$ cat entry_27.txt   # compact mmCIF, N, CA and C atoms
# COMPACT_ATOMS: atom_id res chain seq x y z
N GLN X 1 198.84 178.53 93.10
CA GLN X 1 198.74 177.75 91.88
C GLN X 1 197.26 177.51 91.57
N VAL X 2 196.86 177.83 90.37
CA VAL X 2 195.45 177.70 90.02
C VAL X 2 195.07 176.23 89.89
N GLN X 3 193.88 175.91 90.35
CA GLN X 3 193.35 174.56 90.24
C GLN X 3 192.04 174.61 89.48
N LEU X 4 191.82 173.62 88.63
CA LEU X 4 190.64 173.59 87.76
C LEU X 4 189.82 172.34 88.04
N VAL X 5 188.50 172.54 88.09
CA VAL X 5 187.60 171.42 88.32
C VAL X 5 186.48 171.49 87.29
N GLU X 6 186.34 170.42 86.51
CA GLU X 6 185.30 170.34 85.49
C GLU X 6 184.06 169.65 86.05
N SER X 7 182.92 170.00 85.49
CA SER X 7 181.67 169.35 85.85
C SER X 7 180.71 169.43 84.66
N GLY X 8 179.65 168.63 84.74
CA GLY X 8 178.61 168.72 83.71
C GLY X 8 178.59 167.58 82.71
N GLY X 9 179.55 166.68 82.79
CA GLY X 9 179.56 165.58 81.85
C GLY X 9 178.45 164.59 82.15
N GLY X 10 178.29 163.62 81.25
CA GLY X 10 177.27 162.61 81.47
C GLY X 10 177.05 161.76 80.25
N LEU X 11 176.01 160.93 80.33
CA LEU X 11 175.63 160.05 79.23
C LEU X 11 174.39 160.64 78.56
N VAL X 12 174.49 160.92 77.27
CA VAL X 12 173.37 161.49 76.53
C VAL X 12 173.23 160.75 75.20
N GLN X 13 172.14 161.04 74.52
CA GLN X 13 171.90 160.45 73.21
C GLN X 13 172.35 161.43 72.12
N ALA X 14 172.58 160.89 70.95
CA ALA X 14 172.96 161.74 69.82
C ALA X 14 171.91 162.84 69.62
N ARG X 15 172.40 164.01 69.29
CA ARG X 15 171.61 165.23 69.06
C ARG X 15 171.19 165.94 70.35
N ASP X 16 171.52 165.36 71.50
CA ASP X 16 171.26 166.04 72.77
C ASP X 16 172.30 167.14 73.01
N SER X 17 172.11 167.86 74.11
CA SER X 17 173.03 168.93 74.50
C SER X 17 173.56 168.70 75.91
N LEU X 18 174.74 169.24 76.16
CA LEU X 18 175.33 169.25 77.50
C LEU X 18 176.05 170.57 77.68
N ARG X 19 176.16 170.99 78.93
CA ARG X 19 176.91 172.20 79.25
C ARG X 19 177.96 171.84 80.29
N LEU X 20 179.21 171.97 79.91
CA LEU X 20 180.31 171.71 80.81
C LEU X 20 180.76 173.01 81.48
N SER X 21 181.18 172.89 82.72
CA SER X 21 181.71 174.04 83.45
C SER X 21 183.10 173.73 83.98
N CYS X 22 183.90 174.73 84.06
CA CYS X 22 185.25 174.62 84.61
C CYS X 22 185.39 175.73 85.64
N SER X 23 185.54 175.36 86.90
CA SER X 23 185.69 176.33 87.98
C SER X 23 187.14 176.39 88.42
N ALA X 24 187.66 177.59 88.55
CA ALA X 24 189.05 177.77 88.95
C ALA X 24 189.12 178.26 90.39
N SER X 25 190.15 177.81 91.09
CA SER X 25 190.42 178.27 92.44
C SER X 25 191.92 178.44 92.60
N GLY X 26 192.32 179.18 93.65
CA GLY X 26 193.74 179.39 93.88
C GLY X 26 194.35 180.46 93.02
N GLY X 27 193.53 181.14 92.23
CA GLY X 27 194.03 182.20 91.37
C GLY X 27 192.92 182.66 90.45
N THR X 28 193.05 183.85 89.93
CA THR X 28 192.04 184.38 89.03
C THR X 28 192.33 183.98 87.59
N ILE X 29 191.27 183.80 86.81
CA ILE X 29 191.43 183.46 85.40
C ILE X 29 191.40 184.71 84.52
N SER X 30 191.26 185.86 85.15
CA SER X 30 190.95 187.08 84.38
C SER X 30 191.99 187.44 83.33
N ARG X 31 193.24 187.08 83.51
CA ARG X 31 194.27 187.39 82.51
C ARG X 31 194.81 186.12 81.85
N ARG X 32 194.06 185.06 81.93
CA ARG X 32 194.52 183.79 81.39
C ARG X 32 193.69 183.35 80.19
N SER X 33 194.34 182.79 79.20
CA SER X 33 193.62 182.09 78.17
C SER X 33 193.13 180.76 78.75
N MET X 34 191.95 180.36 78.33
CA MET X 34 191.36 179.12 78.81
C MET X 34 191.00 178.25 77.61
N ALA X 35 191.03 176.94 77.80
CA ALA X 35 190.72 176.06 76.68
C ALA X 35 190.10 174.77 77.18
N TRP X 36 189.38 174.14 76.26
CA TRP X 36 188.86 172.79 76.46
C TRP X 36 189.55 171.86 75.47
N PHE X 37 190.00 170.74 75.99
CA PHE X 37 190.53 169.66 75.18
C PHE X 37 189.70 168.41 75.45
N ARG X 38 189.87 167.41 74.63
CA ARG X 38 189.21 166.14 74.89
C ARG X 38 190.14 165.00 74.50
N GLN X 39 189.91 163.88 75.15
CA GLN X 39 190.72 162.72 74.87
C GLN X 39 189.86 161.47 74.92
N ALA X 40 189.78 160.80 73.80
CA ALA X 40 189.05 159.54 73.70
C ALA X 40 190.01 158.39 73.92
N PRO X 41 189.51 157.22 74.33
CA PRO X 41 190.39 156.07 74.57
C PRO X 41 191.23 155.73 73.35
N GLY X 42 192.53 155.60 73.56
CA GLY X 42 193.42 155.23 72.47
C GLY X 42 193.76 156.34 71.51
N LYS X 43 193.29 157.55 71.81
CA LYS X 43 193.56 158.68 70.92
C LYS X 43 194.32 159.76 71.65
N GLU X 44 194.94 160.61 70.87
CA GLU X 44 195.68 161.73 71.46
C GLU X 44 194.71 162.81 71.94
N ARG X 45 195.18 163.59 72.88
CA ARG X 45 194.40 164.71 73.36
C ARG X 45 194.25 165.73 72.23
N GLU X 46 193.05 166.22 72.04
CA GLU X 46 192.82 167.16 70.95
C GLU X 46 192.13 168.43 71.44
N PHE X 47 192.49 169.51 70.80
CA PHE X 47 191.92 170.81 71.10
C PHE X 47 190.45 170.84 70.68
N VAL X 48 189.62 171.44 71.53
CA VAL X 48 188.20 171.59 71.21
C VAL X 48 187.86 173.07 71.01
N ALA X 49 188.19 173.88 72.02
CA ALA X 49 187.87 175.31 71.94
C ALA X 49 188.76 176.08 72.89
N GLY X 50 189.04 177.33 72.56
CA GLY X 50 189.86 178.17 73.42
C GLY X 50 189.35 179.60 73.39
N ILE X 51 189.58 180.33 74.49
CA ILE X 51 189.08 181.69 74.60
C ILE X 51 190.13 182.54 75.29
N GLY X 52 190.39 183.72 74.74
CA GLY X 52 191.35 184.64 75.32
C GLY X 52 190.80 185.29 76.58
N TRP X 53 191.71 186.00 77.29
CA TRP X 53 191.34 186.55 78.58
C TRP X 53 190.20 187.55 78.49
N SER X 54 190.09 188.26 77.38
CA SER X 54 189.03 189.27 77.26
C SER X 54 187.73 188.68 76.75
N GLY X 55 187.78 187.47 76.24
CA GLY X 55 186.58 186.85 75.67
C GLY X 55 186.35 187.16 74.22
N SER X 56 187.15 188.04 73.64
CA SER X 56 186.91 188.44 72.25
C SER X 56 187.67 187.59 71.24
N THR X 57 188.61 186.80 71.69
CA THR X 57 189.36 185.90 70.80
C THR X 57 188.96 184.48 71.13
N ILE X 58 188.38 183.80 70.15
CA ILE X 58 187.87 182.45 70.36
C ILE X 58 188.24 181.59 69.15
N TYR X 59 188.65 180.36 69.43
CA TYR X 59 188.96 179.39 68.39
C TYR X 59 188.21 178.09 68.68
N TYR X 60 187.82 177.43 67.61
CA TYR X 60 187.18 176.13 67.71
C TYR X 60 187.85 175.14 66.78
N ALA X 61 187.85 173.88 67.17
CA ALA X 61 188.23 172.82 66.24
C ALA X 61 187.17 172.73 65.16
N ASP X 62 187.59 172.38 63.96
CA ASP X 62 186.64 172.29 62.85
C ASP X 62 185.51 171.30 63.15
N SER X 63 185.84 170.26 63.90
CA SER X 63 184.86 169.21 64.17
C SER X 63 183.71 169.66 65.06
N VAL X 64 183.89 170.77 65.78
CA VAL X 64 182.84 171.24 66.70
C VAL X 64 182.28 172.60 66.33
N LYS X 65 182.86 173.21 65.31
CA LYS X 65 182.43 174.55 64.92
C LYS X 65 180.95 174.55 64.55
N GLY X 66 180.21 175.50 65.08
CA GLY X 66 178.78 175.58 64.81
C GLY X 66 177.93 174.77 65.77
N ARG X 67 178.56 173.91 66.55
CA ARG X 67 177.81 173.08 67.52
C ARG X 67 178.18 173.43 68.97
N PHE X 68 179.44 173.77 69.20
CA PHE X 68 179.92 174.07 70.55
C PHE X 68 180.15 175.57 70.70
N THR X 69 179.96 176.07 71.91
CA THR X 69 180.22 177.47 72.22
C THR X 69 180.96 177.57 73.54
N ILE X 70 182.11 178.23 73.51
CA ILE X 70 182.87 178.46 74.73
C ILE X 70 182.58 179.86 75.24
N SER X 71 182.52 180.00 76.55
CA SER X 71 182.28 181.31 77.15
C SER X 71 183.01 181.37 78.49
N ARG X 72 183.17 182.58 78.99
CA ARG X 72 183.83 182.74 80.27
C ARG X 72 183.17 183.83 81.09
N ASP X 73 183.26 183.67 82.40
CA ASP X 73 182.77 184.68 83.33
C ASP X 73 183.91 184.92 84.31
N ASN X 74 184.67 185.95 84.06
CA ASN X 74 185.85 186.21 84.91
C ASN X 74 185.47 186.51 86.34
N ALA X 75 184.33 187.14 86.55
CA ALA X 75 183.89 187.46 87.90
C ALA X 75 183.61 186.20 88.71
N LYS X 76 183.15 185.15 88.01
CA LYS X 76 182.86 183.89 88.69
C LYS X 76 183.99 182.89 88.57
N ASN X 77 185.07 183.30 87.89
CA ASN X 77 186.22 182.41 87.70
C ASN X 77 185.83 181.10 87.04
N THR X 78 184.99 181.22 86.01
CA THR X 78 184.41 180.02 85.40
C THR X 78 184.45 180.12 83.88
N VAL X 79 184.67 178.98 83.26
CA VAL X 79 184.59 178.85 81.81
C VAL X 79 183.61 177.73 81.49
N CYS X 80 182.78 177.93 80.48
CA CYS X 80 181.78 176.94 80.12
C CYS X 80 181.93 176.51 78.67
N LEU X 81 181.45 175.32 78.41
CA LEU X 81 181.41 174.80 77.04
C LEU X 81 180.00 174.27 76.80
N GLN X 82 179.24 174.99 75.99
CA GLN X 82 177.90 174.55 75.61
C GLN X 82 178.04 173.66 74.39
N MET X 83 177.57 172.43 74.52
CA MET X 83 177.71 171.46 73.43
C MET X 83 176.32 171.07 72.94
N ASN X 84 176.03 171.39 71.71
CA ASN X 84 174.74 171.07 71.11
C ASN X 84 174.91 170.05 69.99
N THR X 85 173.82 169.42 69.64
CA THR X 85 173.80 168.43 68.56
C THR X 85 174.97 167.45 68.70
N LEU X 86 175.06 166.85 69.86
CA LEU X 86 176.18 165.95 70.13
C LEU X 86 176.14 164.72 69.24
N LYS X 87 177.32 164.22 68.93
CA LYS X 87 177.49 163.05 68.08
C LYS X 87 178.25 161.98 68.85
N PRO X 88 178.09 160.72 68.47
CA PRO X 88 178.85 159.66 69.16
C PRO X 88 180.37 159.91 69.13
N GLU X 89 180.86 160.52 68.07
CA GLU X 89 182.30 160.81 67.98
C GLU X 89 182.76 161.91 68.93
N ASP X 90 181.83 162.56 69.63
CA ASP X 90 182.19 163.53 70.66
C ASP X 90 182.49 162.86 71.99
N THR X 91 182.28 161.56 72.07
CA THR X 91 182.54 160.83 73.30
C THR X 91 184.01 160.91 73.66
N ALA X 92 184.28 161.38 74.89
CA ALA X 92 185.65 161.57 75.34
C ALA X 92 185.63 162.10 76.77
N VAL X 93 186.80 162.13 77.37
CA VAL X 93 186.99 162.89 78.60
C VAL X 93 187.33 164.32 78.20
N TYR X 94 186.59 165.26 78.73
CA TYR X 94 186.80 166.68 78.41
C TYR X 94 187.57 167.34 79.55
N LEU X 95 188.65 168.01 79.18
CA LEU X 95 189.54 168.62 80.15
C LEU X 95 189.64 170.12 79.94
N CYS X 96 189.63 170.82 81.04
CA CYS X 96 189.82 172.27 81.03
C CYS X 96 191.30 172.57 81.26
N ALA X 97 191.79 173.59 80.60
CA ALA X 97 193.21 173.93 80.72
C ALA X 97 193.41 175.44 80.73
N THR X 98 194.49 175.85 81.37
CA THR X 98 194.86 177.25 81.33
C THR X 98 196.38 177.37 81.37
N ARG X 99 196.83 178.59 81.21
CA ARG X 99 198.27 178.84 81.20
C ARG X 99 198.55 180.08 82.02
N ALA X 100 199.79 180.43 82.14
CA ALA X 100 200.17 181.60 82.95
C ALA X 100 199.50 182.86 82.42
N PRO X 101 199.17 183.78 83.28
CA PRO X 101 198.51 185.02 82.82
C PRO X 101 199.43 185.87 81.96
N THR X 102 198.81 186.60 81.05
CA THR X 102 199.56 187.54 80.22
C THR X 102 199.09 188.94 80.53
N PHE X 103 199.95 189.90 80.24
CA PHE X 103 199.64 191.29 80.52
C PHE X 103 199.87 192.12 79.28
N GLY X 104 199.25 193.26 79.25
CA GLY X 104 199.29 194.06 78.03
C GLY X 104 198.11 193.71 77.15
N SER X 105 198.15 194.15 75.91
CA SER X 105 197.01 194.00 75.02
C SER X 105 197.04 192.73 74.18
N SER X 106 198.16 192.03 74.17
CA SER X 106 198.25 190.85 73.30
C SER X 106 197.42 189.70 73.87
N VAL X 107 196.85 188.91 72.95
CA VAL X 107 196.05 187.76 73.33
C VAL X 107 196.58 186.54 72.59
N VAL X 108 196.95 185.53 73.35
CA VAL X 108 197.45 184.29 72.76
C VAL X 108 196.57 183.16 73.24
N VAL X 109 195.99 182.43 72.30
CA VAL X 109 195.14 181.28 72.63
C VAL X 109 195.70 180.07 71.90
N PRO X 110 196.61 179.35 72.52
CA PRO X 110 197.21 178.20 71.83
C PRO X 110 196.19 177.09 71.60
N THR X 111 196.46 176.29 70.57
CA THR X 111 195.60 175.15 70.29
C THR X 111 196.32 173.83 70.53
N THR X 112 197.53 173.90 71.02
CA THR X 112 198.29 172.67 71.33
C THR X 112 198.38 172.50 72.83
N SER X 113 198.24 171.27 73.27
CA SER X 113 198.16 170.99 74.71
C SER X 113 199.44 171.34 75.45
N THR X 114 200.57 171.26 74.77
CA THR X 114 201.84 171.52 75.45
C THR X 114 202.01 172.98 75.85
N ARG X 115 201.18 173.85 75.31
CA ARG X 115 201.26 175.28 75.65
C ARG X 115 200.47 175.62 76.90
N TYR X 116 199.81 174.64 77.50
CA TYR X 116 199.02 174.88 78.70
C TYR X 116 199.70 174.23 79.91
N ASP X 117 199.64 174.95 81.00
CA ASP X 117 200.38 174.55 82.20
C ASP X 117 199.53 173.89 83.27
N TYR X 118 198.25 174.21 83.29
CA TYR X 118 197.38 173.73 84.36
C TYR X 118 196.18 173.01 83.75
N TRP X 119 195.85 171.88 84.37
CA TRP X 119 194.79 171.03 83.83
C TRP X 119 193.87 170.55 84.93
N GLY X 120 192.60 170.40 84.59
CA GLY X 120 191.67 169.75 85.48
C GLY X 120 191.76 168.24 85.31
N GLN X 121 190.96 167.53 86.10
CA GLN X 121 190.95 166.07 86.05
C GLN X 121 190.11 165.54 84.90
N GLY X 122 189.19 166.35 84.42
CA GLY X 122 188.37 165.95 83.30
C GLY X 122 186.98 165.48 83.72
N THR X 123 186.06 165.54 82.78
CA THR X 123 184.71 165.05 82.99
C THR X 123 184.32 164.20 81.76
N GLN X 124 183.71 163.06 82.01
CA GLN X 124 183.39 162.13 80.93
C GLN X 124 182.12 162.55 80.22
N VAL X 125 182.18 162.57 78.91
CA VAL X 125 181.02 162.79 78.07
C VAL X 125 180.86 161.56 77.18
N THR X 126 179.70 160.94 77.26
CA THR X 126 179.42 159.75 76.45
C THR X 126 178.15 160.00 75.65
N VAL X 127 178.26 159.86 74.34
CA VAL X 127 177.12 160.11 73.46
C VAL X 127 176.76 158.80 72.78
N SER X 128 175.56 158.33 73.03
CA SER X 128 175.12 157.07 72.41
C SER X 128 174.36 157.36 71.13
N SER X 129 174.43 156.42 70.21
CA SER X 129 173.77 156.60 68.90
C SER X 129 172.34 156.14 68.93
$ encode --input "entry_27.txt" --output "structure tokens"
Amino acid sequence: QVQLVESGGGLVQARDSLRLSCSASGGTISRRSMAWFRQAPGKEREFVAGIGWSGSTIYYADSVKGRFTISRDNAKNTVCLQMNTLKPEDTAVYLCATRAPTFGSSVVVPTTSTRYDYWGQGTQVTVSS
């Protein structure tokens, strides 16, 4: 069973940058879609970014488009989220997620949390104004 561990969160000021990492163990991510979600206090978990197993299919939430970049390194079993020009409204716990591997040429990158089976514990990102 794959396990995910996030790192890289912290306290930063508005317009700063952070780079989050998600390391997988217990299984390879090479045929899995990977995604980042976030959850702020009192709010529902929301999709941030997702990337297909090949890296060529990528989706972003409108709120982060142009500021965040998701990437993956299958050889290192790692997915990263580069976050630039951070805003106070980006404050949340950021969680890495994945789902069962797929085979063949199709690529599915869901944007709803219920479509993901495995989750990390999350890393806190706090952006002060």
$ residues_around --input "entry_27.txt" --residues "X:Met83" --least-positions-apart "6" --cutoff "7 Å" --atoms "only C-alpha atoms" --output "list in words"
Ser17, Leu18, Arg19, Arg67, Phe68 and Thr69 of chain X
$ atom_distance --input "entry_27.txt" --atom1 "atom N of X:Gly27" --atom2 "atom N of X:Gln124"
23.0 Å
$ closest_residue --input "entry_27.txt" --among "X:Ser7, X:Gly55, X:Ala49, X:Ala100" --to "X:Arg31" --atoms "all atoms listed in the file"
X:Ala100
$ atom_distance --input "entry_27.txt" --atom1 "atom C of X:Gly50" --atom2 "atom CA of X:Ala75"
17.4 Å
$ residues_around --input "entry_27.txt" --residues "stretch 40-47 of chain X" --least-positions-apart "2" --cutoff "7 Å" --atoms "only C-alpha atoms" --output "list in words"
Trp36, Phe37, Arg38, Ala49, Ala61, Thr91, Ala92, Val93, Thr111 and Thr112 of chain X
$ atom_distance --input "entry_27.txt" --atom1 "atom CA of X:Tyr118" --atom2 "atom CA of X:Val12"
28.1 Å
$ select_by_dssp --input "entry_27.txt" --residues "chain X" --states "helix (DSSP H, G or I)" --output "list in words"
Asn74, Ala75, Lys76, Pro88, Glu89, Asp90, Ser113, Thr114 and Arg115 of chain X
$ closest_residue --input "entry_27.txt" --among "X:Gln1, X:Leu20, X:Gly66, X:Pro110" --to "X:Gln82" --atoms "all atoms listed in the file"
X:Leu20
$ select_by_dssp --input "entry_27.txt" --residues "stretch 57-87 of chain X" --states "strand (DSSP E or B)" --output "ChimeraX atom specification"
/X:58-60,68-73,78-83
$ closest_residue --input "entry_27.txt" --among "X:Ala14, X:Val2, X:Ala24, X:Ala97" --to "X:Lys76" --atoms "all atoms listed in the file"
X:Ala24
$ closest_residue --input "entry_27.txt" --among "X:Arg99, X:Lys87, X:Arg15, X:Arg72" --to "X:Ile51" --atoms "only C-alpha atoms"
X:Arg72
$ closest_residue --input "entry_27.txt" --among "X:Cys96, X:Ile58, X:Val127, X:Met34" --to "X:Val5" --atoms "only N, CA and C atoms"
X:Cys96
$ closest_residue --input "entry_27.txt" --among "X:Asn77, X:Thr98, X:Ser25, X:Val48" --to "X:Val64" --atoms "all atoms listed in the file"
X:Val48
$ axis_aligned_box --input "entry_27.txt" --around "stretch 77-95 of chain X" --padding-each-side "3 Å" --output "lines of an AutoDock Vina configuration file"
center_x = 181.7
center_y = 171.5
center_z = 77.9
size_x = 21.8
size_y = 29.6
size_z = 25.9
$ decode --input "entry_27.txt" --residues "stretch 82-109 of chain X" --atoms "N, CA and C atoms" --output "PDB file, in the first residue's frame"
ATOM      1  N   GLN X  82       5.403  23.781  -6.754  1.00  0.00           N
ATOM      2  CA  GLN X  82       6.089  25.062  -6.628  1.00  0.00           C
ATOM      3  C   GLN X  82       5.023  26.146  -6.520  1.00  0.00           C
ATOM      4  N   MET X  83       5.058  26.882  -5.432  1.00  0.00           N
ATOM      5  CA  MET X  83       4.048  27.907  -5.185  1.00  0.00           C
ATOM      6  C   MET X  83       4.722  29.278  -5.160  1.00  0.00           C
ATOM      7  N   ASN X  84       4.371  30.111  -6.094  1.00  0.00           N
ATOM      8  CA  ASN X  84       4.935  31.453  -6.191  1.00  0.00           C
ATOM      9  C   ASN X  84       3.857  32.501  -5.919  1.00  0.00           C
ATOM     10  N   THR X  85       4.306  33.693  -5.606  1.00  0.00           N
ATOM     11  CA  THR X  85       3.404  34.822  -5.353  1.00  0.00           C
ATOM     12  C   THR X  85       2.270  34.411  -4.416  1.00  0.00           C
ATOM     13  N   LEU X  86       2.646  33.869  -3.282  1.00  0.00           N
ATOM     14  CA  LEU X  86       1.645  33.363  -2.345  1.00  0.00           C
ATOM     15  C   LEU X  86       0.788  34.485  -1.785  1.00  0.00           C
ATOM     16  N   LYS X  87      -0.454  34.147  -1.494  1.00  0.00           N
ATOM     17  CA  LYS X  87      -1.421  35.083  -0.953  1.00  0.00           C
ATOM     18  C   LYS X  87      -1.934  34.567   0.391  1.00  0.00           C
ATOM     19  N   PRO X  88      -2.419  35.456   1.242  1.00  0.00           N
ATOM     20  CA  PRO X  88      -2.970  34.983   2.526  1.00  0.00           C
ATOM     21  C   PRO X  88      -4.070  33.931   2.345  1.00  0.00           C
ATOM     22  N   GLU X  89      -4.836  34.032   1.281  1.00  0.00           N
ATOM     23  CA  GLU X  89      -5.905  33.056   1.036  1.00  0.00           C
ATOM     24  C   GLU X  89      -5.385  31.681   0.628  1.00  0.00           C
ATOM     25  N   ASP X  90      -4.075  31.550   0.425  1.00  0.00           N
ATOM     26  CA  ASP X  90      -3.477  30.236   0.161  1.00  0.00           C
ATOM     27  C   ASP X  90      -3.194  29.483   1.451  1.00  0.00           C
ATOM     28  N   THR X  91      -3.398  30.126   2.584  1.00  0.00           N
ATOM     29  CA  THR X  91      -3.163  29.484   3.869  1.00  0.00           C
ATOM     30  C   THR X  91      -4.063  28.277   4.037  1.00  0.00           C
ATOM     31  N   ALA X  92      -3.447  27.122   4.302  1.00  0.00           N
ATOM     32  CA  ALA X  92      -4.197  25.873   4.434  1.00  0.00           C
ATOM     33  C   ALA X  92      -3.227  24.743   4.748  1.00  0.00           C
ATOM     34  N   VAL X  93      -3.787  23.599   5.072  1.00  0.00           N
ATOM     35  CA  VAL X  93      -3.009  22.369   5.099  1.00  0.00           C
ATOM     36  C   VAL X  93      -3.037  21.795   3.683  1.00  0.00           C
ATOM     37  N   TYR X  94      -1.870  21.520   3.150  1.00  0.00           N
ATOM     38  CA  TYR X  94      -1.754  20.982   1.794  1.00  0.00           C
ATOM     39  C   TYR X  94      -1.512  19.477   1.866  1.00  0.00           C
ATOM     40  N   LEU X  95      -2.333  18.746   1.134  1.00  0.00           N
ATOM     41  CA  LEU X  95      -2.287  17.287   1.165  1.00  0.00           C
ATOM     42  C   LEU X  95      -2.001  16.728  -0.211  1.00  0.00           C
ATOM     43  N   CYS X  96      -1.164  15.717  -0.218  1.00  0.00           N
ATOM     44  CA  CYS X  96      -0.853  14.986  -1.440  1.00  0.00           C
ATOM     45  C   CYS X  96      -1.769  13.772  -1.524  1.00  0.00           C
ATOM     46  N   ALA X  97      -2.185  13.443  -2.725  1.00  0.00           N
ATOM     47  CA  ALA X  97      -3.103  12.316  -2.901  1.00  0.00           C
ATOM     48  C   ALA X  97      -2.768  11.540  -4.168  1.00  0.00           C
ATOM     49  N   THR X  98      -3.118  10.264  -4.142  1.00  0.00           N
ATOM     50  CA  THR X  98      -2.971   9.446  -5.334  1.00  0.00           C
ATOM     51  C   THR X  98      -4.089   8.404  -5.372  1.00  0.00           C
ATOM     52  N   ARG X  99      -4.134   7.701  -6.468  1.00  0.00           N
ATOM     53  CA  ARG X  99      -5.170   6.679  -6.639  1.00  0.00           C
ATOM     54  C   ARG X  99      -4.534   5.448  -7.242  1.00  0.00           C
ATOM     55  N   ALA X 100      -5.312   4.427  -7.439  1.00  0.00           N
ATOM     56  CA  ALA X 100      -4.785   3.165  -7.977  1.00  0.00           C
ATOM     57  C   ALA X 100      -4.154   3.398  -9.346  1.00  0.00           C
ATOM     58  N   PRO X 101      -3.130   2.660  -9.680  1.00  0.00           N
ATOM     59  CA  PRO X 101      -2.475   2.842 -10.981  1.00  0.00           C
ATOM     60  C   PRO X 101      -3.388   2.442 -12.132  1.00  0.00           C
ATOM     61  N   THR X 102      -3.178   3.102 -13.257  1.00  0.00           N
ATOM     62  CA  THR X 102      -3.910   2.755 -14.469  1.00  0.00           C
ATOM     63  C   THR X 102      -2.929   2.259 -15.507  1.00  0.00           C
ATOM     64  N   PHE X 103      -3.448   1.484 -16.445  1.00  0.00           N
ATOM     65  CA  PHE X 103      -2.602   0.906 -17.473  1.00  0.00           C
ATOM     66  C   PHE X 103      -3.197   1.202 -18.829  1.00  0.00           C
ATOM     67  N   GLY X 104      -2.371   1.129 -19.836  1.00  0.00           N
ATOM     68  CA  GLY X 104      -2.818   1.545 -21.156  1.00  0.00           C
ATOM     69  C   GLY X 104      -2.508   3.002 -21.367  1.00  0.00           C
ATOM     70  N   SER X 105      -3.075   3.580 -22.405  1.00  0.00           N
ATOM     71  CA  SER X 105      -2.734   4.948 -22.788  1.00  0.00           C
ATOM     72  C   SER X 105      -3.634   6.011 -22.163  1.00  0.00           C
ATOM     73  N   SER X 106      -4.723   5.603 -21.537  1.00  0.00           N
ATOM     74  CA  SER X 106      -5.648   6.611 -21.003  1.00  0.00           C
ATOM     75  C   SER X 106      -5.061   7.270 -19.762  1.00  0.00           C
ATOM     76  N   VAL X 107      -5.385   8.555 -19.600  1.00  0.00           N
ATOM     77  CA  VAL X 107      -4.925   9.320 -18.446  1.00  0.00           C
ATOM     78  C   VAL X 107      -6.129   9.973 -17.800  1.00  0.00           C
ATOM     79  N   VAL X 108      -6.323   9.687 -16.532  1.00  0.00           N
ATOM     80  CA  VAL X 108      -7.430  10.275 -15.781  1.00  0.00           C
ATOM     81  C   VAL X 108      -6.851  11.022 -14.597  1.00  0.00           C
ATOM     82  N   VAL X 109      -7.155  12.298 -14.498  1.00  0.00           N
ATOM     83  CA  VAL X 109      -6.684  13.118 -13.380  1.00  0.00           C
ATOM     84  C   VAL X 109      -7.904  13.756 -12.725  1.00  0.00           C
TER      85      VAL X 109
END
